[in-house]
file final_35.cif (mmCIF, C-alpha atoms)
data_structure
#
loop_
_atom_site.group_PDB
_atom_site.id
_atom_site.type_symbol
_atom_site.label_atom_id
_atom_site.label_comp_id
_atom_site.auth_asym_id
_atom_site.auth_seq_id
_atom_site.Cartn_x
_atom_site.Cartn_y
_atom_site.Cartn_z
ATOM 1 C CA MET A 124 9.461 -28.212 -31.071
ATOM 2 C CA LYS A 125 10.072 -26.960 -34.568
ATOM 3 C CA GLN A 126 10.115 -23.281 -35.547
ATOM 4 C CA LEU A 127 8.679 -21.890 -38.755
ATOM 5 C CA GLU A 128 9.128 -18.406 -40.164
ATOM 6 C CA VAL A 129 5.879 -17.142 -41.649
ATOM 7 C CA GLN A 130 4.558 -13.893 -43.106
ATOM 8 C CA ILE A 131 1.318 -12.297 -41.958
ATOM 9 C CA MET A 132 0.314 -9.063 -43.649
ATOM 10 C CA GLY A 133 3.883 -8.616 -44.861
ATOM 11 C CA GLN A 134 5.477 -9.001 -41.431
ATOM 12 C CA SER A 135 7.688 -11.958 -40.494
ATOM 13 C CA TYR A 136 6.965 -14.089 -37.437
ATOM 14 C CA LEU A 137 8.958 -16.998 -36.038
ATOM 15 C CA LEU A 138 6.410 -19.449 -34.625
ATOM 16 C CA GLY A 139 6.863 -22.586 -32.564
ATOM 17 C CA CYS A 140 5.174 -25.658 -33.933
ATOM 18 C CA PRO A 141 4.905 -29.233 -32.626
ATOM 19 C CA GLU A 142 6.449 -31.912 -34.817
ATOM 20 C CA GLY A 143 3.966 -32.967 -37.476
ATOM 21 C CA GLY A 144 1.865 -29.820 -37.067
ATOM 22 C CA GLU A 145 3.558 -27.763 -39.754
ATOM 23 C CA GLN A 146 0.782 -28.096 -42.337
ATOM 24 C CA ARG A 147 -1.948 -27.150 -39.858
ATOM 25 C CA LEU A 148 0.064 -24.133 -38.703
ATOM 26 C CA LEU A 149 0.665 -22.992 -42.283
ATOM 27 C CA GLU A 150 -3.055 -23.348 -43.034
ATOM 28 C CA ALA A 151 -3.892 -21.301 -39.927
ATOM 29 C CA VAL A 152 -1.369 -18.632 -40.943
ATOM 30 C CA GLU A 153 -2.947 -18.482 -44.397
ATOM 31 C CA ARG A 154 -6.432 -18.012 -42.893
ATOM 32 C CA VAL A 155 -5.217 -15.255 -40.563
ATOM 33 C CA ASP A 156 -3.210 -13.519 -43.298
ATOM 34 C CA THR A 157 -6.166 -13.631 -45.699
ATOM 35 C CA ALA A 158 -8.576 -12.296 -43.058
ATOM 36 C CA MET A 159 -6.244 -9.470 -42.029
ATOM 37 C CA CYS A 160 -5.389 -8.455 -45.606
ATOM 38 C CA LYS A 161 -9.084 -8.398 -46.528
ATOM 39 C CA ILE A 162 -9.805 -5.987 -43.655
ATOM 40 C CA ARG A 163 -6.755 -3.849 -44.461
ATOM 41 C CA ASP A 164 -7.615 -3.726 -48.161
ATOM 42 C CA ALA A 165 -11.156 -2.545 -47.385
ATOM 43 C CA GLY A 166 -9.405 0.649 -46.288
ATOM 44 C CA LYS A 167 -11.493 1.525 -43.248
ATOM 45 C CA VAL A 168 -9.094 0.261 -40.560
ATOM 46 C CA LYS A 169 -5.409 1.183 -40.605
ATOM 47 C CA ALA A 170 -4.001 0.082 -37.224
ATOM 48 C CA ARG A 171 -2.501 -3.410 -37.318
ATOM 49 C CA ASP A 172 -3.762 -4.253 -33.808
ATOM 50 C CA ARG A 173 -7.346 -3.334 -34.698
ATOM 51 C CA ILE A 174 -7.108 -5.328 -37.920
ATOM 52 C CA ALA A 175 -5.906 -8.310 -35.875
ATOM 53 C CA VAL A 176 -8.815 -7.985 -33.417
ATOM 54 C CA LEU A 177 -11.387 -7.779 -36.210
ATOM 55 C CA ALA A 178 -9.824 -10.734 -38.024
ATOM 56 C CA ALA A 179 -9.854 -12.764 -34.786
ATOM 57 C CA LEU A 180 -13.532 -11.984 -34.282
ATOM 58 C CA ASN A 181 -14.390 -12.894 -37.866
ATOM 59 C CA LEU A 182 -12.545 -16.204 -37.559
ATOM 60 C CA ALA A 183 -14.161 -16.930 -34.165
ATOM 61 C CA PHE A 184 -17.619 -16.323 -35.632
ATOM 62 C CA ASP A 185 -16.769 -18.620 -38.559
ATOM 63 C CA ILE A 186 -15.799 -21.354 -36.102
ATOM 64 C CA ALA A 187 -18.985 -20.792 -34.098
ATOM 65 C CA ASP A 188 -21.054 -21.035 -37.288
ATOM 66 C CA ARG A 189 -19.468 -24.391 -38.091
ATOM 67 C CA SER A 190 -20.494 -25.803 -34.724
ATOM 68 C CA VAL A 191 -24.199 -25.248 -35.406
ATOM 69 C CA ALA A 192 -24.792 -28.904 -34.638
ATOM 70 C CA THR A 193 -24.413 -27.998 -30.961
ATOM 71 C CA PRO A 194 -27.190 -25.799 -29.582
ATOM 72 C CA VAL A 195 -26.076 -22.244 -28.906
ATOM 73 C CA GLN A 196 -26.565 -21.217 -25.287
ATOM 74 C CA PRO A 197 -26.837 -17.655 -24.014
ATOM 75 C CA ALA A 198 -23.501 -16.391 -22.745
ATOM 76 C CA THR A 199 -23.217 -16.325 -18.968
ATOM 77 C CA ASN A 200 -20.971 -13.284 -18.664
ATOM 78 C CA GLY A 201 -20.995 -9.616 -19.674
ATOM 79 C CA ALA A 202 -21.557 -10.377 -23.350
ATOM 80 C CA ALA A 203 -25.032 -11.758 -22.623
ATOM 81 C CA LYS A 204 -26.338 -8.335 -21.670
ATOM 82 C CA ASN A 205 -25.081 -7.018 -25.019
ATOM 83 C CA GLY A 206 -27.115 -9.596 -26.913
ATOM 84 C CA ALA A 207 -24.136 -11.801 -27.817
ATOM 85 C CA PHE A 208 -24.482 -15.572 -27.697
ATOM 86 C CA ALA A 209 -21.803 -18.237 -27.764
ATOM 87 C CA ASP A 210 -21.412 -21.987 -27.757
ATOM 88 C CA ASP A 211 -20.424 -22.870 -24.157
ATOM 89 C CA GLY A 212 -19.671 -19.195 -23.530
ATOM 90 C CA ARG A 213 -16.364 -19.453 -25.418
ATOM 91 C CA LEU A 214 -17.157 -16.672 -27.862
ATOM 92 C CA ALA A 215 -18.469 -14.487 -25.058
ATOM 93 C CA GLY A 216 -15.243 -15.120 -23.149
ATOM 94 C CA LEU A 217 -13.225 -14.145 -26.203
ATOM 95 C CA ILE A 218 -15.198 -10.928 -26.569
ATOM 96 C CA ASP A 219 -14.693 -10.115 -22.883
ATOM 97 C CA ARG A 220 -10.926 -10.698 -23.200
ATOM 98 C CA LEU A 221 -10.791 -8.501 -26.300
ATOM 99 C CA ASP A 222 -12.801 -5.779 -24.535
ATOM 100 C CA HIS A 223 -10.344 -5.930 -21.641
ATOM 101 C CA ALA A 224 -7.360 -5.750 -24.015
ATOM 102 C CA LEU A 225 -8.823 -2.736 -25.832
ATOM 103 C CA GLY A 226 -9.229 -0.908 -22.533
ATOM 104 C CA ASP A 227 -10.128 2.742 -23.036
ATOM 105 C CA ASP A 228 -10.558 2.288 -26.790
ATOM 106 C CA GLY A 229 -14.099 1.098 -26.180
ATOM 107 C CA ARG A 230 -16.083 -2.102 -26.220
ATOM 108 C CA LEU A 231 -16.380 -4.286 -29.320
ATOM 109 C CA LEU A 232 -20.079 -5.045 -28.947
#

call {"tool": "encode", "arguments": {"input": "final_35.cif", "output": "structure tokens"}}
result
Amino acid sequence: MKQLEVQIMGQSYLLGCPEGGEQRLLEAVERVDTAMCKIRDAGKVKARDRIAVLAALNLAFDIADRSVATPVQPATNGAAKNGAFADDGRLAGLIDRLDHALGDDGRLL
């Protein structure tokens, strides 16, 4: 496994990467960095962890939008009662995990 040092929102990270996956990892880092900087630069959210959560959600929704070819099914977990839908429940599972991680800070949706 190869290691790459990358910068996300001005902070250095040393990431593991499988051989031959360097370009894909660098592209992913660029997408995450761009998403996080856009949220930070909007000026409404200051905490790095909240910026990361919002960027993750934005990227997850982008991925879900790209998979429109597959019919979207109602989520089968807690997100369904909040009106959220996800392909195979993956997005709903992500939202539930993020809600759990945020704990007392409140629910995302």

call {"tool": "axis_aligned_box", "arguments": {"input": "final_35.cif", "around": "stretch 171-179 of chain A", "padding_each_side": "3 Å", "output": "JSON"}}
result
{"center_x": -6.9, "center_y": -8.0, "center_z": -35.7, "size_x": 14.9, "size_y": 15.4, "size_z": 10.6}

call {"tool": "closest_residue", "arguments": {"input": "final_35.cif", "among": "A:Lys169, A:Glu142, A:Leu149, A:Ala183", "to": "A:Glu128", "atoms": "all atoms listed in the file"}}
result
A:Leu149

call {"tool": "atom_distance", "arguments": {"input": "final_35.cif", "atom1": "atom CA of A:Arg154", "atom2": "atom CA of A:Met132"}}
result
11.2 Å

call {"tool": "atom_distance", "arguments": {"input": "final_35.cif", "atom1": "atom CA of A:Tyr136", "atom2": "atom CA of A:Glu150"}}
result
14.7 Å

call {"tool": "atom_distance", "arguments": {"input": "final_35.cif", "atom1": "atom CA of A:Leu221", "atom2": "atom CA of A:Arg173"}}
result
10.4 Å

call {"tool": "closest_residue", "arguments": {"input": "final_35.cif", "among": "A:Arg147, A:Pro141, A:Gly216, A:Ile131", "to": "A:Arg163", "atoms": "all atoms listed in the file"}}
result
A:Ile131

call {"tool": "resolve_selection", "arguments": {"input": "final_35.cif", "expression": "the PyMOL selection byres ((chain A and resi 126) around 8)", "output": "ChimeraX atom specification"}}
result
/A:124-125,127-128,137-140

call {"tool": "write_last_selection", "arguments": {"input": "final_35.cif", "atoms": "C-alpha atoms", "output": "compact mmCIF listing (two decimals), keeping the file's coordinate frame"}}
result
# COMPACT_ATOMS: atom_id res chain seq x y z
CA MET A 124 9.46 -28.21 -31.07
CA LYS A 125 10.07 -26.96 -34.57
CA LEU A 127 8.68 -21.89 -38.76
CA GLU A 128 9.13 -18.41 -40.16
CA LEU A 137 8.96 -17.00 -36.04
CA LEU A 138 6.41 -19.45 -34.62
CA GLY A 139 6.86 -22.59 -32.56
CA CYS A 140 5.17 -25.66 -33.93

call {"tool": "closest_residue", "arguments": {"input": "final_35.cif", "among": "A:Ala175, A:Val152, A:Ile218, A:Leu180", "to": "A:Ser135", "atoms": "only C-alpha atoms"}}
result
A:Val152

call {"tool": "resolve_selection", "arguments": {"input": "final_35.cif", "expression": "the PyMOL selection byres ((chain A and resi 177) around 10)", "output": "JSON, numbers by chain"}}
result
{"A": [158, 159, 162, 168, 171, 172, 173, 174, 175, 176, 178, 179, 180, 181, 182, 183, 221, 231]}

call {"tool": "residues_around", "arguments": {"input": "final_35.cif", "residues": "A:Gln134", "least_positions_apart": "4", "cutoff": "10 Å", "atoms": "all atoms listed in the file", "output": "count of residues only"}}
result
3
